[in-house]
$ cat protein33.txt   # compact mmCIF, C-alpha atoms
# COMPACT_ATOMS: atom_id res chain seq x y z
CA MET A 1 -14.64 -11.40 -20.98
CA LYS A 2 -12.64 -13.47 -23.51
CA THR A 3 -11.65 -11.49 -26.60
CA LYS A 4 -12.64 -13.01 -29.93
CA ILE A 5 -10.59 -11.97 -32.97
CA THR A 6 -11.25 -13.15 -36.52
CA VAL A 7 -9.48 -12.32 -39.80
CA LEU A 8 -10.74 -12.64 -43.36
CA TYR A 9 -9.82 -11.26 -46.79
CA TYR A 10 -12.21 -9.91 -49.40
CA LEU A 11 -12.27 -7.91 -52.65
CA ARG A 12 -13.48 -4.36 -52.49
CA LYS A 13 -15.47 -4.12 -55.71
CA SER A 14 -16.04 -0.38 -55.47
CA LYS A 15 -12.36 0.37 -56.05
CA VAL A 16 -11.47 -1.23 -59.42
CA ASN A 17 -8.16 -0.03 -60.93
CA GLY A 18 -7.37 0.79 -64.57
CA GLN A 19 -6.64 -2.88 -65.37
CA GLY A 20 -10.02 -3.97 -64.04
CA GLN A 21 -8.50 -5.54 -60.92
CA MET A 22 -9.95 -5.21 -57.42
CA PRO A 23 -8.01 -4.48 -54.20
CA ILE A 24 -7.71 -7.17 -51.54
CA TYR A 25 -8.71 -5.93 -48.08
CA GLN A 26 -8.09 -7.50 -44.68
CA ARG A 27 -11.06 -7.39 -42.29
CA ILE A 28 -10.28 -7.74 -38.57
CA THR A 29 -13.22 -8.33 -36.24
CA ILE A 30 -12.85 -7.92 -32.46
CA ASN A 31 -15.88 -8.79 -30.32
CA ASN A 32 -18.25 -8.04 -33.20
CA LYS A 33 -16.58 -4.70 -34.00
CA ARG A 34 -14.50 -4.53 -37.15
CA PHE A 35 -12.12 -2.43 -39.18
CA ASP A 36 -10.69 -2.92 -42.67
CA VAL A 37 -7.09 -2.56 -43.86
CA SER A 38 -5.84 -2.49 -47.46
CA THR A 39 -3.26 -5.21 -48.23
CA GLY A 40 -1.88 -3.28 -51.20
CA TYR A 41 -2.55 -6.18 -53.62
CA TYR A 42 -4.92 -6.27 -56.62
CA VAL A 43 -6.34 -9.31 -58.38
CA ASP A 44 -8.81 -10.21 -61.12
CA GLU A 45 -12.19 -11.10 -59.60
CA SER A 46 -12.17 -14.39 -61.55
CA LYS A 47 -9.03 -15.52 -59.71
CA TRP A 48 -10.38 -14.84 -56.20
CA SER A 49 -11.91 -17.50 -53.92
CA SER A 50 -14.38 -15.91 -51.51
CA GLU A 51 -14.79 -19.19 -49.63
CA GLY A 52 -11.06 -19.72 -49.18
CA SER A 53 -10.34 -15.99 -48.68
CA LYS A 54 -7.37 -16.32 -51.07
CA ILE A 55 -6.30 -16.45 -54.73
CA LYS A 56 -7.20 -19.67 -56.56
CA GLY A 57 -4.65 -22.05 -57.99
CA ASN A 58 -0.95 -22.60 -57.59
CA THR A 59 0.52 -19.98 -59.89
CA GLU A 60 3.55 -17.93 -58.85
CA GLU A 61 1.24 -14.91 -58.36
CA ALA A 62 -1.11 -16.98 -56.17
CA ARG A 63 1.72 -18.41 -54.06
CA LEU A 64 3.31 -14.96 -53.55
CA ILE A 65 0.16 -13.06 -52.61
CA ASN A 66 -1.37 -15.87 -50.53
CA GLY A 67 1.91 -16.16 -48.62
CA ARG A 68 1.83 -12.44 -47.86
CA LEU A 69 -1.79 -12.67 -46.72
CA ASP A 70 -0.84 -15.49 -44.33
CA MET A 71 1.97 -13.35 -42.93
CA MET A 72 -0.44 -10.47 -42.37
CA ARG A 73 -2.78 -12.85 -40.55
CA VAL A 74 0.10 -13.89 -38.25
CA ILE A 75 0.81 -10.20 -37.47
CA VAL A 76 -2.79 -9.83 -36.24
CA TYR A 77 -2.40 -12.62 -33.70
CA GLU A 78 1.05 -11.44 -32.67
CA THR A 79 -0.50 -8.04 -31.93
CA GLU A 80 -3.15 -9.75 -29.82
CA LYS A 81 -0.44 -11.64 -27.92
CA LYS A 82 1.57 -8.45 -27.30
CA LEU A 83 -1.44 -6.64 -25.83
CA PHE A 84 -2.20 -9.64 -23.65
CA MET A 85 1.37 -9.91 -22.36
CA ASN A 86 1.41 -6.19 -21.52
CA GLN A 87 -1.89 -6.61 -19.62
CA ILE A 88 -3.63 -4.11 -21.89
CA THR A 89 -7.36 -4.61 -22.30
CA ILE A 90 -8.00 -5.62 -25.92
CA THR A 91 -10.57 -3.39 -27.54
CA ILE A 92 -10.99 -2.26 -31.14
CA GLU A 93 -9.22 1.02 -30.20
CA THR A 94 -6.22 -0.47 -28.34
CA PHE A 95 -5.76 -3.11 -31.05
CA LYS A 96 -5.85 -0.58 -33.90
CA ASN A 97 -3.34 1.68 -32.16
CA GLU A 98 -0.89 -1.18 -31.63
CA PHE A 99 -1.50 -2.84 -35.00
CA GLN A 100 -1.10 0.37 -36.99
CA GLY A 101 1.84 1.58 -34.92
CA LYS A 102 -0.13 4.40 -33.32
CA LYS A 103 0.43 5.16 -29.65
CA ASP A 104 -1.46 7.43 -27.33
CA ARG A 105 0.60 10.53 -26.70
CA GLU A 106 2.55 10.36 -23.49
CA ARG A 107 0.84 12.06 -20.60
CA MET A 108 3.31 13.66 -18.24
CA LEU A 109 2.64 14.31 -14.57
CA ILE A 110 3.76 17.92 -14.13
CA PRO A 111 1.54 19.52 -16.85
CA ILE A 112 -1.46 17.65 -15.40
CA PHE A 113 -0.62 18.89 -11.89
CA GLU A 114 -0.10 22.46 -13.17
CA GLU A 115 -3.43 22.43 -15.01
CA HIS A 116 -5.16 21.23 -11.83
CA ASN A 117 -3.62 24.13 -9.88
CA ARG A 118 -4.54 26.63 -12.61
CA LYS A 119 -8.20 25.66 -12.31
CA ILE A 120 -8.10 26.00 -8.52
CA LYS A 121 -6.54 29.47 -8.91
CA GLU A 122 -9.42 30.51 -11.18
CA LEU A 123 -11.92 29.42 -8.51
CA VAL A 124 -10.24 30.99 -5.45
CA GLY A 125 -12.88 33.01 -3.63
CA GLN A 126 -15.69 30.98 -5.19
CA GLU A 127 -15.08 27.31 -4.44
CA TYR A 128 -11.61 27.37 -2.89
CA ALA A 129 -9.82 29.35 -0.19
CA PRO A 130 -6.40 30.94 -0.94
CA GLY A 131 -4.88 28.45 1.50
CA THR A 132 -6.05 25.55 -0.66
CA LEU A 133 -4.23 26.94 -3.70
CA GLU A 134 -1.11 27.55 -1.62
CA ARG A 135 -1.22 23.95 -0.34
CA TYR A 136 -1.40 22.49 -3.86
CA GLN A 137 1.32 24.82 -5.14
CA THR A 138 3.60 23.63 -2.33
CA SER A 139 2.65 20.03 -3.10
CA LEU A 140 3.58 20.54 -6.77
CA LYS A 141 6.96 21.99 -5.75
CA HIS A 142 7.65 19.00 -3.50
CA THR A 143 6.71 16.67 -6.37
CA LYS A 144 9.12 18.38 -8.76
CA ASP A 145 11.91 18.34 -6.18
CA PHE A 146 11.27 14.65 -5.49
CA LEU A 147 11.53 13.72 -9.19
CA PHE A 148 14.90 15.42 -9.42
CA TRP A 149 16.10 13.99 -6.07
CA LYS A 150 15.14 10.39 -6.79
CA TYR A 151 15.30 10.02 -10.58
CA ASN A 152 17.22 13.11 -11.74
CA ILE A 153 14.35 14.02 -14.09
CA SER A 154 12.03 17.01 -14.38
CA ASP A 155 8.88 15.05 -15.28
CA ILE A 156 7.53 11.50 -15.54
CA ASN A 157 4.99 9.60 -17.63
CA ILE A 158 1.97 8.96 -15.39
CA GLU A 159 1.91 5.32 -16.50
CA LYS A 160 5.24 4.82 -14.71
CA ILE A 161 3.86 5.90 -11.33
CA ASP A 162 3.44 2.80 -9.18
CA HIS A 163 3.26 1.77 -5.52
CA SER A 164 7.05 2.02 -5.20
CA PHE A 165 6.92 5.61 -6.47
CA ILE A 166 4.37 6.54 -3.77
CA MET A 167 6.41 4.95 -0.98
CA GLU A 168 9.62 6.65 -2.16
CA TYR A 169 7.79 9.98 -2.34
CA GLU A 170 6.53 9.58 1.23
CA PHE A 171 10.05 8.67 2.39
CA TYR A 172 11.41 11.80 0.66
CA LEU A 173 8.87 14.04 2.43
CA ARG A 174 9.73 12.57 5.81
CA SER A 175 13.51 12.37 5.40
CA GLU A 176 14.60 15.19 3.06
CA ARG A 177 11.79 17.67 3.69
CA LYS A 178 11.60 16.81 7.41
CA CYS A 179 7.79 16.78 7.27
CA ALA A 180 5.95 15.60 10.36
CA ASN A 181 3.75 12.52 9.93
CA ASN A 182 0.46 14.31 9.29
CA THR A 183 2.05 16.90 7.02
CA ALA A 184 3.64 14.18 4.87
CA VAL A 185 0.33 12.31 4.64
CA LYS A 186 -1.48 15.51 3.59
CA TYR A 187 0.98 16.13 0.75
CA ILE A 188 0.56 12.53 -0.39
CA LYS A 189 -3.21 13.03 -0.20
CA ASN A 190 -2.91 16.08 -2.48
CA PHE A 191 -0.87 14.00 -4.92
CA HIS A 192 -3.49 11.23 -4.72
CA LYS A 193 -6.11 13.68 -6.02
CA ILE A 194 -4.05 14.22 -9.18
CA ILE A 195 -3.73 10.46 -9.70
CA ASN A 196 -7.48 10.03 -9.18
CA GLN A 197 -8.10 12.54 -11.97
CA CYS A 198 -5.83 10.54 -14.28
CA ILE A 199 -7.76 7.35 -13.46
CA ALA A 200 -11.13 9.07 -13.96
CA ASN A 201 -10.00 10.33 -17.38
CA GLY A 202 -8.89 6.84 -18.41
CA TRP A 203 -5.25 7.86 -18.76
CA ILE A 204 -4.04 5.11 -16.42
CA ASN A 205 -5.63 1.74 -15.71
CA LYS A 206 -4.15 0.88 -12.34
CA ASP A 207 -4.34 2.86 -9.11
CA PRO A 208 -0.83 3.06 -7.58
CA PHE A 209 -2.50 3.96 -4.27
CA SER A 210 -4.49 0.71 -4.07
CA ASN A 211 -2.16 -0.76 -1.41
CA TYR A 212 -1.18 2.52 0.25
CA LYS A 213 -2.57 3.29 3.70
CA ALA A 214 -2.24 6.72 5.25
CA LYS A 215 -1.38 6.80 8.94
CA ILE A 216 -2.75 10.05 10.35
CA LYS A 217 -1.82 10.55 13.99
CA GLU A 218 -4.34 12.26 16.19
CA VAL A 219 -3.08 15.66 17.37
CA THR A 220 -4.16 17.36 20.59
CA ARG A 221 -5.80 20.62 19.58
CA GLU A 222 -4.73 23.73 21.46
CA PHE A 223 -7.46 25.90 23.01
CA LEU A 224 -7.84 28.61 25.64
CA THR A 225 -9.19 27.99 29.10
CA GLU A 226 -11.91 30.13 30.64
CA LYS A 227 -9.29 31.95 32.71
CA GLU A 228 -7.17 32.70 29.63
CA ILE A 229 -10.18 34.05 27.74
CA GLU A 230 -10.90 36.38 30.68
CA GLN A 231 -7.26 37.54 30.73
CA ILE A 232 -7.48 38.57 27.08
CA ILE A 233 -10.92 40.19 27.40
CA ASN A 234 -9.98 42.22 30.50
CA LYS A 235 -6.58 43.36 29.23
CA GLU A 236 -6.30 47.10 28.56
CA PHE A 237 -4.32 47.68 25.36
CA VAL A 238 -2.57 50.95 24.62
CA SER A 239 -2.40 50.02 20.94
CA GLU A 240 -5.66 50.33 18.99
CA ARG A 241 -4.27 47.72 16.60
CA LEU A 242 -3.96 45.08 19.35
CA GLU A 243 -7.38 45.96 20.72
CA LEU A 244 -8.97 45.39 17.29
CA VAL A 245 -7.18 42.05 16.84
CA ARG A 246 -8.20 41.01 20.36
CA ASP A 247 -11.85 41.87 19.71
CA ILE A 248 -12.08 39.91 16.45
CA PHE A 249 -10.26 36.95 17.99
CA ILE A 250 -12.70 36.91 20.93
CA PHE A 251 -15.58 37.21 18.44
CA SER A 252 -14.36 33.98 16.85
CA CYS A 253 -14.02 32.37 20.30
CA PHE A 254 -17.74 33.00 20.82
CA THR A 255 -18.93 32.07 17.31
CA GLY A 256 -16.51 29.32 16.22
CA LEU A 257 -16.00 30.89 12.79
CA ALA A 258 -12.71 30.34 10.94
CA TYR A 259 -10.67 33.31 9.71
CA ILE A 260 -11.96 33.24 6.11
CA ASP A 261 -15.57 33.03 7.29
CA VAL A 262 -15.15 36.03 9.63
CA LYS A 263 -13.55 37.95 6.78
CA GLN A 264 -16.51 37.25 4.49
CA LEU A 265 -19.17 38.27 7.03
CA SER A 266 -21.47 41.13 6.14
CA ALA A 267 -24.66 42.51 7.66
CA ASN A 268 -26.55 40.19 5.29
CA ASN A 269 -25.31 37.21 7.32
CA ILE A 270 -27.12 38.45 10.44
CA SER A 271 -30.78 37.59 10.79
CA PHE A 272 -33.32 36.59 13.42
CA GLY A 273 -33.36 32.94 14.36
CA ILE A 274 -36.12 30.63 15.53
CA ASP A 275 -35.89 32.11 19.05
CA GLY A 276 -36.34 35.70 17.88
CA ASP A 277 -32.71 36.61 18.67
CA LYS A 278 -29.95 37.47 16.22
CA TRP A 279 -28.10 34.58 14.56
CA ILE A 280 -25.29 34.26 12.03
CA PHE A 281 -26.32 32.36 8.89
CA LYS A 282 -23.39 31.48 6.66
CA ASN A 283 -22.03 28.68 4.50
CA ARG A 284 -18.49 27.73 5.45
CA GLN A 285 -15.91 28.59 2.80
CA LYS A 286 -14.02 25.34 3.36
CA THR A 287 -16.87 22.83 3.02
CA ASP A 288 -19.81 24.93 1.76
CA THR A 289 -21.90 23.53 4.62
CA ALA A 290 -24.34 25.77 6.45
CA SER A 291 -23.43 27.23 9.85
CA LYS A 292 -26.27 28.65 11.96
CA ILE A 293 -24.93 30.28 15.10
CA PRO A 294 -26.98 32.11 17.75
CA LEU A 295 -25.06 35.26 18.73
CA LEU A 296 -23.88 35.23 22.34
CA PRO A 297 -23.83 38.61 24.13
CA MET A 298 -20.04 38.97 23.83
CA ALA A 299 -20.10 38.43 20.04
CA LEU A 300 -23.03 40.81 19.63
CA GLU A 301 -21.23 43.46 21.67
CA ILE A 302 -18.20 43.29 19.36
CA ILE A 303 -20.39 43.57 16.24
CA ASN A 304 -22.06 46.69 17.66
CA LYS A 305 -18.67 48.17 18.59
CA TYR A 306 -17.49 48.19 14.98
CA GLU A 307 -20.83 48.90 13.31
CA ASN A 308 -19.78 52.38 12.17
CA TYR A 309 -16.12 51.59 11.59
CA PRO A 310 -15.07 53.15 8.22
CA VAL A 311 -13.79 49.88 6.68
CA CYS A 312 -16.99 48.09 7.67
CA LYS A 313 -19.23 50.77 6.13
CA ASN A 314 -17.18 51.25 2.95
CA GLU A 315 -16.55 47.55 2.21
CA ASN A 316 -19.77 46.07 3.59
CA ARG A 317 -17.95 44.04 6.23
CA LEU A 318 -19.24 43.06 9.61
CA LEU A 319 -15.77 43.39 11.18
CA PRO A 320 -12.55 45.18 10.05
CA ILE A 321 -10.40 42.06 10.05
CA LEU A 322 -6.76 42.25 8.97
CA SER A 323 -4.90 39.68 6.88
CA ASN A 324 -4.53 36.25 8.45
CA GLN A 325 -0.76 36.71 8.61
CA LYS A 326 -1.04 40.01 10.48
CA MET A 327 -3.74 38.66 12.79
CA ASN A 328 -1.50 35.74 13.81
CA SER A 329 1.51 38.01 14.22
CA TYR A 330 -0.36 40.38 16.53
CA LEU A 331 -1.94 37.50 18.45
CA LYS A 332 1.56 36.43 19.47
CA GLU A 333 2.05 39.90 20.95
CA ILE A 334 -1.27 39.58 22.77
CA ALA A 335 -0.25 36.21 24.22
CA ASP A 336 2.98 37.77 25.52
CA VAL A 337 1.36 40.77 27.22
CA CYS A 338 -1.42 38.57 28.67
CA ASP A 339 1.10 36.03 30.05
CA ILE A 340 -0.43 33.19 28.05
CA ASN A 341 2.18 30.53 27.36
CA LYS A 342 0.61 29.18 24.19
CA GLU A 343 1.29 29.56 20.45
CA LEU A 344 -1.73 31.79 19.88
CA THR A 345 -3.16 31.67 16.33
CA PHE A 346 -6.52 32.73 14.98
CA HIS A 347 -7.62 29.12 14.49
CA ILE A 348 -7.28 28.49 18.23
CA ALA A 349 -10.39 30.65 18.61
CA ARG A 350 -12.43 28.03 16.74
CA HIS A 351 -11.08 25.27 18.98
CA THR A 352 -11.85 27.41 22.04
CA PHE A 353 -15.46 27.82 20.94
CA ALA A 354 -15.80 24.07 20.52
CA THR A 355 -14.26 23.21 23.88
CA THR A 356 -14.31 25.90 26.57
CA VAL A 357 -17.31 27.91 25.37
CA THR A 358 -19.72 25.15 24.31
CA LEU A 359 -18.87 21.53 25.15
CA SER A 360 -17.52 22.40 28.63
CA ASN A 361 -20.77 24.19 29.38
CA GLY A 362 -22.96 21.24 28.49
CA VAL A 363 -23.87 22.09 24.89
CA PRO A 364 -24.52 18.72 23.18
CA LEU A 365 -21.93 17.45 20.69
CA GLU A 366 -24.48 17.37 17.85
CA THR A 367 -25.36 21.03 18.43
CA VAL A 368 -21.70 22.09 18.46
CA SER A 369 -21.07 20.11 15.27
CA LYS A 370 -23.95 21.88 13.56
CA MET A 371 -22.74 25.35 14.57
CA LEU A 372 -19.18 24.57 13.46
CA GLY A 373 -20.47 23.43 10.08
CA HIS A 374 -18.77 20.05 10.35
CA THR A 375 -19.77 17.50 7.74
CA ASN A 376 -18.91 14.60 10.05
CA LEU A 377 -19.65 14.22 13.76
CA LYS A 378 -16.30 12.44 14.20
CA THR A 379 -14.55 15.75 13.49
CA THR A 380 -16.32 17.34 16.44
CA GLN A 381 -15.65 14.34 18.67
CA HIS A 382 -11.94 15.16 18.62
CA TYR A 383 -12.71 18.19 20.77
CA ALA A 384 -14.72 16.18 23.27
CA LYS A 385 -11.81 13.77 23.84
CA ILE A 386 -9.55 16.44 25.31
CA LEU A 387 -11.92 17.84 27.90
CA ASP A 388 -10.84 16.57 31.30
CA LYS A 389 -13.25 19.03 32.87
CA LYS A 390 -16.15 17.47 31.00
CA ILE A 391 -15.07 14.02 32.17
CA SER A 392 -14.86 15.35 35.73
CA ASP A 393 -18.31 16.96 35.55
CA ASP A 394 -19.92 13.83 34.09
CA MET A 395 -18.33 11.62 36.73
CA GLN A 396 -19.43 14.03 39.47
CA ILE A 397 -23.05 13.48 38.40
CA LEU A 398 -22.45 9.74 38.63
CA LYS A 399 -20.86 10.10 42.09
CA GLU A 400 -23.86 12.06 43.33
CA LYS A 401 -26.17 9.39 41.97
CA PHE A 402 -24.28 6.64 43.79
CA SER A 403 -24.12 8.66 47.00
CA LYS A 404 -27.92 8.57 47.14
CA THR A 405 -27.96 4.81 46.57
CA ASP A 406 -27.57 2.20 49.33
CA LEU A 407 -24.36 0.45 48.21
CA SER A 408 -25.15 -2.54 50.42
CA GLU A 409 -28.19 -3.18 48.25
CA ILE A 410 -25.98 -3.12 45.15
CA ARG A 411 -23.58 -5.68 46.73
CA LYS A 412 -26.47 -8.06 47.35
CA ILE A 413 -27.29 -7.92 43.64

$ encode --input "protein33.txt" --output "C-alpha cells"
Amino acid sequence: MKTKITVLYYLRKSKVNGQGQMPIYQRITINNKRFDVSTGYYVDESKWSSEGSKIKGNTEEARLINGRLDMMRVIVYETEKKLFMNQITITIETFKNEFQGKKDRERMLIPIFEEHNRKIKELVGQEYAPGTLERYQTSLKHTKDFLFWKYNISDINIEKIDHSFIMEYEFYLRSERKCANNTAVKYIKNFHKIINQCIANGWINKDPFSNYKAKIKEVTREFLTEKEIEQIINKEFVSERLELVRDIFIFSCFTGLAYIDVKQLSANNISFGIDGDKWIFKNRQKTDTASKIPLLPMALEIINKYENYPVCKNENRLLPILSNQKMNSYLKEIADVCDINKELTFHIARHTFATTVTLSNGVPLETVSKMLGHTNLKTTQHYAKILDKKISDDMQILKEKFSKTDLSEIRKI
C-alpha cells in the first residue's frame, strides 16, 4: 500500500499566551492517522491565513516564520525518504519515532535466549523434559562462543542477524565444535526457535532463515535382535543392581516407552483395555500424545516382580528406575557380560520394541506408531526401512504365491 503523507499548519486557539497570540502547530497526517507538533512560534490570529497555512503579508516576521515552516515541512518528507531507503514500513509509529529522534531500544540476542531458557526451566516436569532444557542451555553456550569466535563480541543486536550469520554459525558448529551433520542442524534448529519468537513479537521484520535449508541425514537406528534379547533375559546376574537395570530395560523393549515415561509410570497408568487385559495408558512426556500399550506377558511379569519393592511403594512408582545416566552406564556392563557388541543405551529398548518385537512379528505400522505415541507416521517408517527380515518375509509370501501360479500362463500375457 502506498503511504500518503500530508502536512498543514494551524493555530491552536485553546493555548493563547499573555500577549493574546496563538501557537502555530504542525499537523502530520499518515494514511488518515495524524499527530500534532508545536512549531514554537506564536502569532496574532489576525495575521494568520488558514487557507495558505502561513502568516499573511511580506513583513520580516512573516518571511522569517514562513521560511521556518517551509523548512519543517521539508524535514517531514526527508524523514519519509529515510524510512523508505532503510526499507522500514512507514506507519504513524515508525514515522514519529524517526521524526522525533526516538528509537526503539536495542534488543540483544543473549538476554532473549536466556529468558527463553528460564521459562523452559520453570516448566521442566510439566511441559518439558530435563533433556530439553539441557539441549537449549548447550545451544546458548555455543551461540555465545560463536559470537566471540567470529565477531569478538559477547552479544549482538537481533536486527543484525542475517542469512550470512546463520551460515557462519553452522560452519562454526561443524568446524570448531566438530559437530556431526545432524547435531549441527539440531543446534541451528534450536537457534531458529529464538529467531521465530523475535519475529512473532515484531522485533525483527525479516526472517534470516528464509533461504536456509537444513540437511538432516537419515541415521540407521540401533536395535537388538531376538537372539540378543534372549541373551540378556536369560543371563544370571550376581549383582542385584545389574538385574534391576536389565529388568527395566527389557520392560521398555516390550512396551516401547522412553526413559522419562518409564520413570513417570505409576499404578494409575495401568488399566483394563478394550480386550479385558491390562494396558498402559500414558501421555508421552516429549510430545504429550497418548500412548495405549497392551501389556505383553514379559512386561507384566516385570511389573509384578517389583510390585512390593520399597521405592515403588513409598514413591508410587511402577518400577524402581535409576537415573538415566546410571541406567546407561550399567547397560554398558550388561552388554559386556552378555557378549553384545553394541553401544547399549536405554533408548535402544524403544527401537527394539518398534523393530524386533512388533514390526518383525507382523504388527502393522499404524498400530506400532500409535503405541509409540508418534505424531507422524513417517517417524515410525524409519524403523520399517531397516528390517531386512521383514523384507525377506514379505518376499517369501510373494515367492509362495508365484510358485502356485503357472508361469507359462504369465508369459503368454

$ atom_distance --input "protein33.txt" --atom1 "CA of Ile280 (chain A)" --atom2 "CA of Leu372 (chain A)"
11.5 Å

$ closest_residue --input "protein33.txt" --among "A:Tyr383, A:Tyr10, A:Phe146, A:Phe237" --to "Gly52 (chain A)" --atoms "all atoms listed in the file"
A:Tyr10

$ atom_distance --input "protein33.txt" --atom1 "CA of Arg68 (chain A)" --atom2 "CA of Gln100 (chain A)"
17.1 Å

$ atom_distance --input "protein33.txt" --atom1 "CA of Glu51 (chain A)" --atom2 "CA of Asn17 (chain A)"
23.2 Å

$ closest_atom_pairs --input "protein33.txt" --of "region 246-357 of chain A" --to "region 200-221 of chain A" --cutoff "10 Å" --atoms "all atoms listed in the file" --output "tab-separated table"
residue	atom	partner	partner_atom	distance
A:Ile348	CA	A:Arg221	CA	8.1
A:His351	CA	A:Arg221	CA	7.1
A:Thr352	CA	A:Arg221	CA	9.4
A:Thr355	CA	A:Arg221	CA	9.8

$ residues_around --input "protein33.txt" --residues "Phe113 (chain A)" --least-positions-apart "3" --cutoff "10 Å" --atoms "all atoms listed in the file" --output "MDAnalysis selection string"
chainID A and resid 108:110 116:118 136:137 139:140 143 191 193:195 197

$ write_last_selection --input "protein33.txt" --atoms "C-alpha atoms" --output "short mmCIF file (atom, residue, chain, number, x, y, z; two decimals), in the coordinates of the input"
data_model
loop_
_atom_site.label_atom_id
_atom_site.label_comp_id
_atom_site.auth_asym_id
_atom_site.auth_seq_id
_atom_site.Cartn_x
_atom_site.Cartn_y
_atom_site.Cartn_z
CA MET A 108 3.31 13.66 -18.24
CA LEU A 109 2.64 14.31 -14.57
CA ILE A 110 3.76 17.92 -14.13
CA HIS A 116 -5.16 21.23 -11.83
CA ASN A 117 -3.62 24.13 -9.88
CA ARG A 118 -4.54 26.63 -12.61
CA TYR A 136 -1.40 22.49 -3.86
CA GLN A 137 1.32 24.82 -5.14
CA SER A 139 2.65 20.03 -3.10
CA LEU A 140 3.58 20.54 -6.77
CA THR A 143 6.71 16.67 -6.37
CA PHE A 191 -0.87 14.00 -4.92
CA LYS A 193 -6.11 13.68 -6.02
CA ILE A 194 -4.05 14.22 -9.18
CA ILE A 195 -3.73 10.46 -9.70
CA GLN A 197 -8.10 12.54 -11.97
#

$ residues_around --input "protein33.txt" --residues "Met72 (chain A)" --least-positions-apart "3" --cutoff "12 Å" --atoms "all atoms listed in the file" --output "number ranges by chain"
A: 7-9, 25-28, 37-40, 65-69, 75-79, 99

$ write_last_selection --input "protein33.txt" --atoms "C-alpha atoms" --output "mmCIF file, in the frame of the given file"
data_model
loop_
_atom_site.group_PDB
_atom_site.id
_atom_site.type_symbol
_atom_site.label_atom_id
_atom_site.label_comp_id
_atom_site.auth_asym_id
_atom_site.auth_seq_id
_atom_site.Cartn_x
_atom_site.Cartn_y
_atom_site.Cartn_z
ATOM 1 C CA VAL A 7 -9.480 -12.320 -39.800
ATOM 2 C CA LEU A 8 -10.740 -12.640 -43.360
ATOM 3 C CA TYR A 9 -9.820 -11.260 -46.790
ATOM 4 C CA TYR A 25 -8.710 -5.930 -48.080
ATOM 5 C CA GLN A 26 -8.090 -7.500 -44.680
ATOM 6 C CA ARG A 27 -11.060 -7.390 -42.290
ATOM 7 C CA ILE A 28 -10.280 -7.740 -38.570
ATOM 8 C CA VAL A 37 -7.090 -2.560 -43.860
ATOM 9 C CA SER A 38 -5.840 -2.490 -47.460
ATOM 10 C CA THR A 39 -3.260 -5.210 -48.230
ATOM 11 C CA GLY A 40 -1.880 -3.280 -51.200
ATOM 12 C CA ILE A 65 0.160 -13.060 -52.610
ATOM 13 C CA ASN A 66 -1.370 -15.870 -50.530
ATOM 14 C CA GLY A 67 1.910 -16.160 -48.620
ATOM 15 C CA ARG A 68 1.830 -12.440 -47.860
ATOM 16 C CA LEU A 69 -1.790 -12.670 -46.720
ATOM 17 C CA ILE A 75 0.810 -10.200 -37.470
ATOM 18 C CA VAL A 76 -2.790 -9.830 -36.240
ATOM 19 C CA TYR A 77 -2.400 -12.620 -33.700
ATOM 20 C CA GLU A 78 1.050 -11.440 -32.670
ATOM 21 C CA THR A 79 -0.500 -8.040 -31.930
ATOM 22 C CA PHE A 99 -1.500 -2.840 -35.000
#

$ closest_residue --input "protein33.txt" --among "A:Lys370, A:Lys263, A:Arg12, A:Lys378" --to "Gly125 (chain A)" --atoms "all atoms listed in the file"
A:Lys263

$ build_atoms --input "protein33.txt" --residues "region 364-375 of chain A" --atoms "N, CA and C atoms" --output "mmCIF file, keeping the file's coordinate frame"
data_model
loop_
_atom_site.group_PDB
_atom_site.id
_atom_site.type_symbol
_atom_site.label_atom_id
_atom_site.label_comp_id
_atom_site.auth_asym_id
_atom_site.auth_seq_id
_atom_site.Cartn_x
_atom_site.Cartn_y
_atom_site.Cartn_z
ATOM 1 N N PRO A 364 -24.678 20.058 23.767
ATOM 2 C CA PRO A 364 -24.520 18.720 23.180
ATOM 3 C C PRO A 364 -23.583 18.726 21.961
ATOM 4 N N LEU A 365 -22.900 17.600 21.785
ATOM 5 C CA LEU A 365 -21.930 17.450 20.690
ATOM 6 C C LEU A 365 -22.574 17.713 19.331
ATOM 7 N N GLU A 366 -23.795 17.205 19.143
ATOM 8 C CA GLU A 366 -24.480 17.370 17.850
ATOM 9 C C GLU A 366 -24.751 18.842 17.561
ATOM 10 N N THR A 367 -25.081 19.598 18.598
ATOM 11 C CA THR A 367 -25.360 21.030 18.430
ATOM 12 C C THR A 367 -24.085 21.782 18.061
ATOM 13 N N VAL A 368 -22.992 21.454 18.746
ATOM 14 C CA VAL A 368 -21.700 22.090 18.460
ATOM 15 C C VAL A 368 -21.272 21.776 17.029
ATOM 16 N N SER A 369 -21.442 20.525 16.622
ATOM 17 C CA SER A 369 -21.070 20.110 15.270
ATOM 18 C C SER A 369 -21.831 20.905 14.221
ATOM 19 N N LYS A 370 -23.103 21.137 14.490
ATOM 20 C CA LYS A 370 -23.950 21.880 13.560
ATOM 21 C C LYS A 370 -23.491 23.335 13.448
ATOM 22 N N MET A 371 -23.183 23.949 14.587
ATOM 23 C CA MET A 371 -22.740 25.350 14.570
ATOM 24 C C MET A 371 -21.381 25.504 13.902
ATOM 25 N N LEU A 372 -20.509 24.519 14.084
ATOM 26 C CA LEU A 372 -19.180 24.570 13.460
ATOM 27 C C LEU A 372 -19.222 24.292 11.967
ATOM 28 N N GLY A 373 -20.354 23.746 11.500
ATOM 29 C CA GLY A 373 -20.470 23.430 10.080
ATOM 30 C C GLY A 373 -19.688 22.201 9.693
ATOM 31 N N HIS A 374 -19.475 21.291 10.661
ATOM 32 C CA HIS A 374 -18.770 20.050 10.350
ATOM 33 C C HIS A 374 -19.643 19.131 9.511
ATOM 34 N N THR A 375 -19.027 18.435 8.575
ATOM 35 C CA THR A 375 -19.770 17.500 7.740
ATOM 36 C C THR A 375 -19.824 16.111 8.378
#
